[in-house]
Each structure stands twice: as C-alpha cells, then as structure tokens.
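File shown: work_39.txt (compact mmCIF, C-alpha atoms and all ligand atoms).
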```txt
# COMPACT_ATOMS: atom_id res chain seq x y z
CA MET A 1 -8.02 -7.31 9.14
CA LYS A 2 -6.86 -7.44 5.53
CA ILE A 3 -3.22 -7.70 4.51
CA LYS A 4 -1.44 -6.12 1.57
CA VAL A 5 2.11 -7.26 0.85
CA CYS A 6 3.87 -4.58 -1.15
CA GLY A 7 7.05 -4.35 -3.22
CA MET A 8 6.80 -7.76 -4.92
CA ARG A 9 8.56 -8.51 -8.21
CA ASP A 10 10.43 -11.83 -8.02
CA PRO A 11 8.27 -14.52 -9.72
CA GLU A 12 9.31 -17.37 -7.35
CA ASN A 13 8.84 -15.17 -4.32
CA VAL A 14 5.37 -14.20 -5.61
CA GLN A 15 4.48 -17.90 -6.06
CA ARG A 16 5.48 -18.72 -2.49
CA LEU A 17 3.61 -15.68 -1.23
CA ILE A 18 0.33 -16.72 -2.84
CA GLN A 19 0.66 -20.36 -1.80
CA GLU A 20 1.84 -19.86 1.78
CA VAL A 21 0.62 -16.42 2.85
CA LYS A 22 -2.40 -15.70 0.62
CA PRO A 23 -2.52 -11.94 1.23
CA ASP A 24 -5.58 -9.93 0.23
CA TRP A 25 -3.59 -7.70 -2.12
CA ILE A 26 -0.15 -7.77 -3.77
CA GLY A 27 1.56 -4.40 -4.29
CA LEU A 28 3.82 -3.51 -7.24
CA ILE A 29 5.86 -0.34 -7.13
CA PHE A 30 6.00 1.78 -10.28
CA TYR A 31 8.19 4.55 -8.88
CA SER A 32 11.47 4.50 -10.79
CA GLN A 33 13.52 5.80 -7.84
CA SER A 34 12.44 2.92 -5.60
CA SER A 35 14.72 -0.06 -5.03
CA ARG A 36 11.54 -2.15 -5.49
CA TYR A 37 10.73 -0.67 -8.89
CA VAL A 38 8.89 -2.97 -11.25
CA SER A 39 10.07 -2.17 -14.77
CA ALA A 40 8.22 -3.14 -17.95
CA ASP A 41 10.49 -6.24 -18.26
CA PHE A 42 8.64 -7.81 -15.34
CA ALA A 43 5.23 -7.73 -17.06
CA GLU A 44 5.69 -11.08 -18.84
CA SER A 45 7.33 -12.91 -15.95
CA PHE A 46 4.86 -11.67 -13.32
CA PRO A 47 2.61 -14.63 -12.52
CA GLU A 48 -1.19 -14.26 -12.69
CA THR A 49 -2.03 -14.82 -9.06
CA GLY A 50 -5.80 -14.50 -8.74
CA ILE A 51 -5.07 -12.00 -5.97
CA PRO A 52 -5.87 -8.33 -6.71
CA LYS A 53 -2.81 -6.30 -7.66
CA VAL A 54 -2.26 -2.78 -6.35
CA GLY A 55 -0.04 -0.48 -8.41
CA VAL A 56 1.88 2.12 -6.40
CA PHE A 57 2.50 5.44 -8.19
CA VAL A 58 4.18 8.70 -7.17
CA ASN A 59 3.08 11.86 -9.01
CA GLU A 60 2.81 10.07 -12.35
CA THR A 61 1.06 11.13 -15.54
CA ILE A 62 -2.36 9.62 -16.15
CA GLU A 63 -0.98 8.06 -19.36
CA PHE A 64 1.75 6.22 -17.44
CA VAL A 65 -0.72 4.93 -14.84
CA LEU A 66 -3.08 3.75 -17.59
CA SER A 67 -0.28 1.88 -19.35
CA LYS A 68 0.61 -0.02 -16.13
CA VAL A 69 -3.05 -0.77 -15.36
CA ASP A 70 -3.25 -2.51 -18.75
CA GLU A 71 0.18 -4.20 -18.74
CA PHE A 72 -0.19 -5.64 -15.23
CA ASN A 73 -3.97 -5.97 -14.99
CA LEU A 74 -4.09 -3.81 -11.85
CA SER A 75 -7.24 -3.77 -9.70
CA VAL A 76 -6.30 -0.87 -7.43
CA ILE A 77 -4.25 2.30 -7.95
CA GLN A 78 -2.36 3.56 -4.88
CA LEU A 79 -1.40 7.23 -5.18
CA HIS A 80 1.66 7.77 -3.02
CA GLY A 81 2.58 11.34 -3.95
CA ASN A 82 1.00 14.79 -3.86
CA GLU A 83 -1.82 13.98 -6.28
CA SER A 84 -4.60 16.60 -6.17
CA PRO A 85 -8.34 15.84 -5.86
CA GLU A 86 -8.71 17.02 -9.49
CA TYR A 87 -6.12 14.49 -10.65
CA VAL A 88 -7.80 11.75 -8.61
CA ARG A 89 -11.22 12.61 -10.08
CA GLU A 90 -9.87 12.45 -13.63
CA LEU A 91 -8.03 9.18 -13.03
CA LYS A 92 -11.16 7.64 -11.53
CA LEU A 93 -13.27 8.70 -14.53
CA ILE A 94 -10.75 7.40 -17.06
CA THR A 95 -9.79 4.10 -15.43
CA GLY A 96 -12.91 3.21 -13.41
CA LYS A 97 -10.50 1.55 -10.96
CA LYS A 98 -10.47 1.61 -7.17
CA LEU A 99 -8.16 4.34 -5.91
CA TRP A 100 -6.30 4.60 -2.60
CA LYS A 101 -4.89 7.98 -1.61
CA VAL A 102 -1.83 7.89 0.59
CA VAL A 103 -1.55 10.42 3.38
CA SER A 104 2.05 11.07 4.41
CA VAL A 105 1.99 11.61 8.14
CA GLY A 106 4.35 13.97 9.93
CA ASP A 107 3.61 15.58 13.31
CA SER A 108 -0.12 16.01 12.62
CA ILE A 109 -2.78 15.63 9.92
CA ASP A 110 -5.01 18.43 8.62
CA TRP A 111 -8.20 16.40 8.22
CA GLU A 112 -9.90 19.17 6.20
CA THR A 113 -7.45 18.70 3.32
CA LEU A 114 -8.55 15.05 3.07
CA ARG A 115 -12.26 15.87 2.88
CA ASN A 116 -12.06 16.53 -0.90
CA TYR A 117 -10.82 12.99 -1.52
CA VAL A 118 -13.47 11.20 0.55
CA GLY A 119 -16.00 10.81 -2.28
CA LEU A 120 -13.35 9.74 -4.78
CA VAL A 121 -11.26 7.05 -3.13
CA GLU A 122 -12.00 3.56 -1.86
CA ASN A 123 -9.58 3.91 1.03
CA PHE A 124 -6.98 6.21 2.52
CA LEU A 125 -3.59 4.74 3.40
CA PHE A 126 -1.52 6.33 6.16
CA ASP A 127 2.25 6.14 5.80
CA THR A 128 5.17 7.96 7.41
CA ALA A 129 6.22 11.18 5.68
CA THR A 130 9.66 10.79 4.13
CA PRO A 131 11.58 12.38 1.25
CA LYS A 132 11.63 8.94 -0.43
CA HIS A 133 7.78 9.02 -0.42
CA GLY A 134 7.51 5.45 0.89
CA GLY A 135 9.34 2.28 1.84
CA SER A 136 11.20 4.08 4.63
CA GLY A 137 10.65 1.38 7.27
CA LYS A 138 9.73 4.15 9.71
CA ARG A 139 6.63 4.34 11.88
CA PHE A 140 4.64 7.48 12.62
CA ASN A 141 2.74 8.29 15.80
CA TRP A 142 -0.47 6.23 15.43
CA GLN A 143 -2.20 8.29 18.14
CA ILE A 144 -2.73 10.94 15.45
CA LEU A 145 -5.24 8.56 13.82
CA GLU A 146 -7.47 8.50 16.88
CA SER A 147 -9.06 11.79 15.76
CA TYR A 148 -9.80 10.44 12.24
CA PRO A 149 -13.17 12.05 11.45
CA PHE A 150 -14.42 10.04 8.44
CA GLU A 151 -16.28 6.76 7.94
CA LYS A 152 -14.09 6.02 4.92
CA GLY A 153 -11.86 2.97 5.34
CA PHE A 154 -8.11 3.19 5.66
CA LEU A 155 -5.00 1.03 5.69
CA LEU A 156 -2.14 1.46 8.13
CA SER A 157 1.41 1.48 6.80
CA GLY A 158 4.94 2.65 7.54
CA GLY A 159 7.54 0.41 9.12
CA LEU A 160 5.14 -2.31 10.25
CA ASP A 161 6.98 -5.42 11.40
CA GLU A 162 6.34 -8.75 13.13
CA GLY A 163 6.41 -7.04 16.52
CA SER A 164 3.65 -4.59 15.54
CA ALA A 165 0.83 -7.17 15.55
CA SER A 166 -0.60 -6.64 19.04
CA GLU A 167 -0.51 -2.83 18.76
CA ILE A 168 -2.21 -3.08 15.36
CA LEU A 169 -4.99 -5.18 16.87
CA SER A 170 -5.44 -2.64 19.69
CA LEU A 171 -5.67 0.23 17.21
CA ALA A 172 -8.17 -1.69 15.04
CA GLU A 173 -10.40 -2.24 18.10
CA LYS A 174 -10.60 1.51 18.59
CA MET A 175 -10.92 2.31 14.88
CA PRO A 176 -13.50 0.27 12.93
CA GLN A 177 -12.58 2.22 9.76
CA MET A 178 -9.21 0.45 9.68
CA VAL A 179 -9.60 -2.18 6.97
CA GLY A 180 -6.08 -3.46 6.73
CA VAL A 181 -2.32 -3.16 6.92
CA ASP A 182 0.37 -2.72 4.29
CA LEU A 183 3.59 -4.72 4.84
CA ASN A 184 6.79 -3.87 3.08
CA SER A 185 10.45 -3.29 3.96
CA LYS A 186 10.45 -4.85 7.44
CA PHE A 187 9.51 -8.21 5.89
CA GLU A 188 12.33 -8.29 3.33
CA ASP A 189 15.59 -10.19 2.92
CA ALA A 190 16.50 -7.74 0.15
CA PRO A 191 14.57 -4.99 -1.64
CA GLY A 192 11.71 -6.66 -3.51
CA LEU A 193 12.34 -10.08 -1.92
CA LYS A 194 9.99 -10.90 0.95
CA ASN A 195 10.72 -13.24 3.85
CA ILE A 196 7.80 -15.66 3.63
CA GLU A 197 8.32 -17.10 7.14
CA LYS A 198 8.09 -13.63 8.72
CA LEU A 199 4.92 -12.89 6.75
CA LYS A 200 3.31 -16.19 7.79
CA SER A 201 4.16 -15.55 11.42
CA PHE A 202 2.69 -12.02 11.26
CA LYS A 203 -0.48 -13.27 9.55
CA ASN A 204 -0.96 -15.92 12.25
CA LYS A 205 -0.76 -13.23 14.92
CA ILE A 206 -3.20 -10.91 13.14
CA ARG A 207 -5.62 -13.61 11.98
CA PRO A 208 -5.00 -16.65 14.22
O1 LIG A 301 8.60 0.71 -1.05
C1 LIG A 301 8.98 1.66 -1.74
O2 LIG A 301 10.13 1.66 -2.19
C2 LIG A 301 8.08 2.80 -2.03
C3 LIG A 301 8.58 3.85 -2.77
C4 LIG A 301 7.78 4.94 -3.07
C5 LIG A 301 6.48 4.99 -2.65
C6 LIG A 301 5.95 3.95 -1.89
C7 LIG A 301 6.74 2.86 -1.57
N1 LIG A 301 6.24 1.83 -0.77
C8 LIG A 301 5.13 2.00 0.10
O3 LIG A 301 5.61 2.53 1.33
C9 LIG A 301 4.77 2.15 2.37
C10 LIG A 301 5.52 1.84 3.65
O4 LIG A 301 6.55 0.96 3.48
P1 LIG A 301 7.50 0.49 4.72
O5 LIG A 301 6.74 -0.54 5.48
O6 LIG A 301 7.78 1.68 5.55
O7 LIG A 301 8.69 -0.07 4.05
C11 LIG A 301 3.90 1.03 1.83
O8 LIG A 301 2.58 1.54 1.75
C12 LIG A 301 4.40 0.73 0.46
O9 LIG A 301 3.33 0.56 -0.45
```
Would you put the structure from the file into structure tokens?
Amino acid sequence: MKIKVCGMRDPENVQRLIQEVKPDWIGLIFYSQSSRYVSADFAESFPETGIPKVGVFVNETIEFVLSKVDEFNLSVIQLHGNESPEYVRELKLITGKKLWKVVSVGDSIDWETLRNYVGLVENFLFDTATPKHGGSGKRFNWQILESYPFEKGFLLSGGLDEGSASEILSLAEKMPQMVGVDLNSKFEDAPGLKNIEKLKSFKNKIRP
C-alpha cells in the first residue's frame, strides 16, 4: 500500500517527512484558494527530495500546469477539478507526465463517465465531493467503491486519519486495484504543516 502525503510546503517539515516517513509521493497544491497553496516563491526553497512530486491542480489552464511541472520538477499531475477527457488527452500529449484524475464522490458514482479516462490516466483518486474541491477532511461512503468496474489502479482519499488504518487494509483486501492512500488535513498541526509523529504511526499500522 503506497502513501502520498499531500499539502506540503514548509522546507523543514519536508526534510523531516523524507527522513522519518519516506512516503512514496509528496503532494504540492497549486490551487490558489487552498490554505495549502504553494506559490511561486516556494520553488527555490522547496528541497529536492528524491521522492516523486505530485502537483494538484483544479481546472487550470494547460499553460499554468506546464509552468509548475517545470518550476517544481513534477512527476505526476493530479487533476482535482472537472477536467474533461479531451483536456486530459491534450495535457498527456504535451507533458508526457503521469496523470491522476480525481473523482469527487457524493452519494454514488456513474462509472460510465469514468470510462473515457481509463486509457489516459495512470490512476484514479477518489475523494469526497465538496465545494472546496479537496482538503475537506471529510470521508465518503467507501462501500460505493465495491462496484468499481475497472482494472485501473486508484488511490483512496478524503478525511483519512490515524484511525482509518484497519478499515483501509480491509478495503484493500477486497480491492486489488487500490494502489495507495492520500493523507492530508487530518495529519496537520496547521494548514501545510504535517504532524510527523502521526504520519509515522499511520505508516507503521499500514506497513508494519
Ligand atoms: O488540500 C487542499 O487544500 C486541496 C484543495 C483543492 C484540491 C485538493 C486539495 N487537496 C486534496 O484533497 C484530498 C483530500 O484531503 P483531506 O484528507 O480530506 O484533507 C487529497 O487528495 C488532497 O490531495
């Protein structure tokens, strides 16, 4: 089970994260309305970690995404808005990067609408539907995922916390397509500042 820690921007916090937690991915949020927004000022102070960086974007122009891919040396682009399959196809052609399409989950999921993304993305990422797009700290009903019809991998997200570990492991047993989890607001002391002890404790439960 892979782990992405999202919403990082404090250089010291990033250093501790890579030394003590060693996640599989580090997420940077490029959505200006987020309290975890990474502005251009952070580009120089952001340490080169050796861990793949995932840029999180919400309904951005391709030009903006490209500029952040270059500035921050991003490996993965996470699309956390209403990006169409046509947009995703164009972005994939232009950047050649791995793309993750976020599915905002309400009461149900119309699997047919996802079919057009299957050949384009590396993974889906399921998060709770919210007007803020992400970072809500709220969980959705994971039972909805049990009818997931694709072989394509996915990450689970939305309000995951230390107490979620055993339920996550149970879900992963039923769903071999689940490649990882995305940890964010429930592991923070303040927006953009992660609690390293909580992350270590969660990782030990998930990967003892
Ligand atoms: O964290 C944010 O502020 C954010 C804003 C806009 C889009 C995505 C954002 N974060 C993503 O939200 C999910 C779930 O976070 P949480 O655990 O519910 O806090 C996660 O995938 C982040 O990448």
### Message
Calculated over all atoms listed in the file, which of the candidates A:Ser75, A:Asn123, A:Ser34, A:Gln143 has the smallest distance to Ser108 (chain A)?
### Response
A:Gln143
### Message
Please return as an MDAnalysis selection string the residues found within 7 Å of ligand LIG 301 (chain A), counting all atoms listed in the file.
### Response
chainID A and resid 6:7 27 29 31 34:36 56:58 80 127 132:139 157:160 182:186
### Which of A:Gly180, A:Gly81, A:Pro191, A:Gly55 sits closest to Arg207 (chain A) [using only C-alpha atoms]
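Checking each candidate against Arg207 (chain A), we get A:Gly180 as the closest.
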### Atomic separation - CA of Glu63 (chain A) relative to CA of Ser84 (chain A), Å
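Computed distance, CA of Ser84 (chain A) to CA of Glu63 (chain A), equals 16.1 Å.
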### Message
With distances taken over only C-alpha atoms, which residue among A:Trp25, A:Phe202, A:Trp100, A:Tyr117 lies nearest Ser166 (chain A)?
### Response
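Checking each of A:Trp25, A:Phe202, A:Trp100, A:Tyr117 against Ser166 (chain A), counting only C-alpha atoms, the winner is A:Phe202.
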### Task
Determine the nearest neighbour of Pro149 (chain A) from the options A:Glu44, A:Glu197, A:Asp110, A:Asp10, counting all atoms listed in the file.
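When distances to Pro149 (chain A) are compared using all atoms listed in the file, the smallest one comes from A:Asp110.
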### For CA of Ser45 (chain A) and CA of Gln78 (chain A), the interatomic separation in Å (one decimal)
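Between CA of Ser45 (chain A) and CA of Gln78 (chain A) the gap works out to 22.1 Å.
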### Task
Identify which of the residues A:Lys22, A:Arg115, A:Lys97, A:Lys2 lies closest to Asp70 (chain A), counting all atoms listed in the file when measuring atom-to-atom distances.
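Distance minimum relative to Asp70 (chain A) lands on A:Lys97.
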### Task
Provide the CA of Leu125 (chain A) to CA of Lys53 (chain A) distance in Å, to one decimal place.
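Computing the Euclidean distance for CA of Leu125 (chain A) and CA of Lys53 (chain A) yields 15.6 Å.
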#### Entry: Non-local contacts of region 89-96 of chain A (12 Å; all atoms listed in the file; under 6 positions in same chain excluded) as a list in words
Glu60, Thr61, Ile62, Glu63, Phe64, Val65, Leu66, Ser67, Lys68, Val69, Asp70, Asn73, Leu74, Ser75, Val76, Ile77, Gln78, Leu79, Glu83, Asn116, Tyr117, Val118, Gly119, Leu120, Val121 and Glu122 of chain A
### Message
If we count only C-alpha atoms and set the cut-off at 12 Å, which residues sit around Leu171 (chain A), ignoring sequence neighbours fewer than 3 positions away in its own chain? Please answer as an MDAnalysis selection string.
### Response
chainID A and resid 1 141:146 155:156 164:168 174:181
### Task
Rank nothing, just name the residue among A:Asn13, A:Glu71, A:Tyr87, A:Leu28 nearest to Ala40 (chain A), using only C-alpha atoms.
A:Glu71
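Those residues that approach Ile51 (chain A) to within 9 Å, counting all atoms listed in the file, are Ile18, Lys22, Pro23, Asp24, Trp25, Ile26 and Glu48 of chain A; same-chain residues fewer than 3 positions away are not listed.
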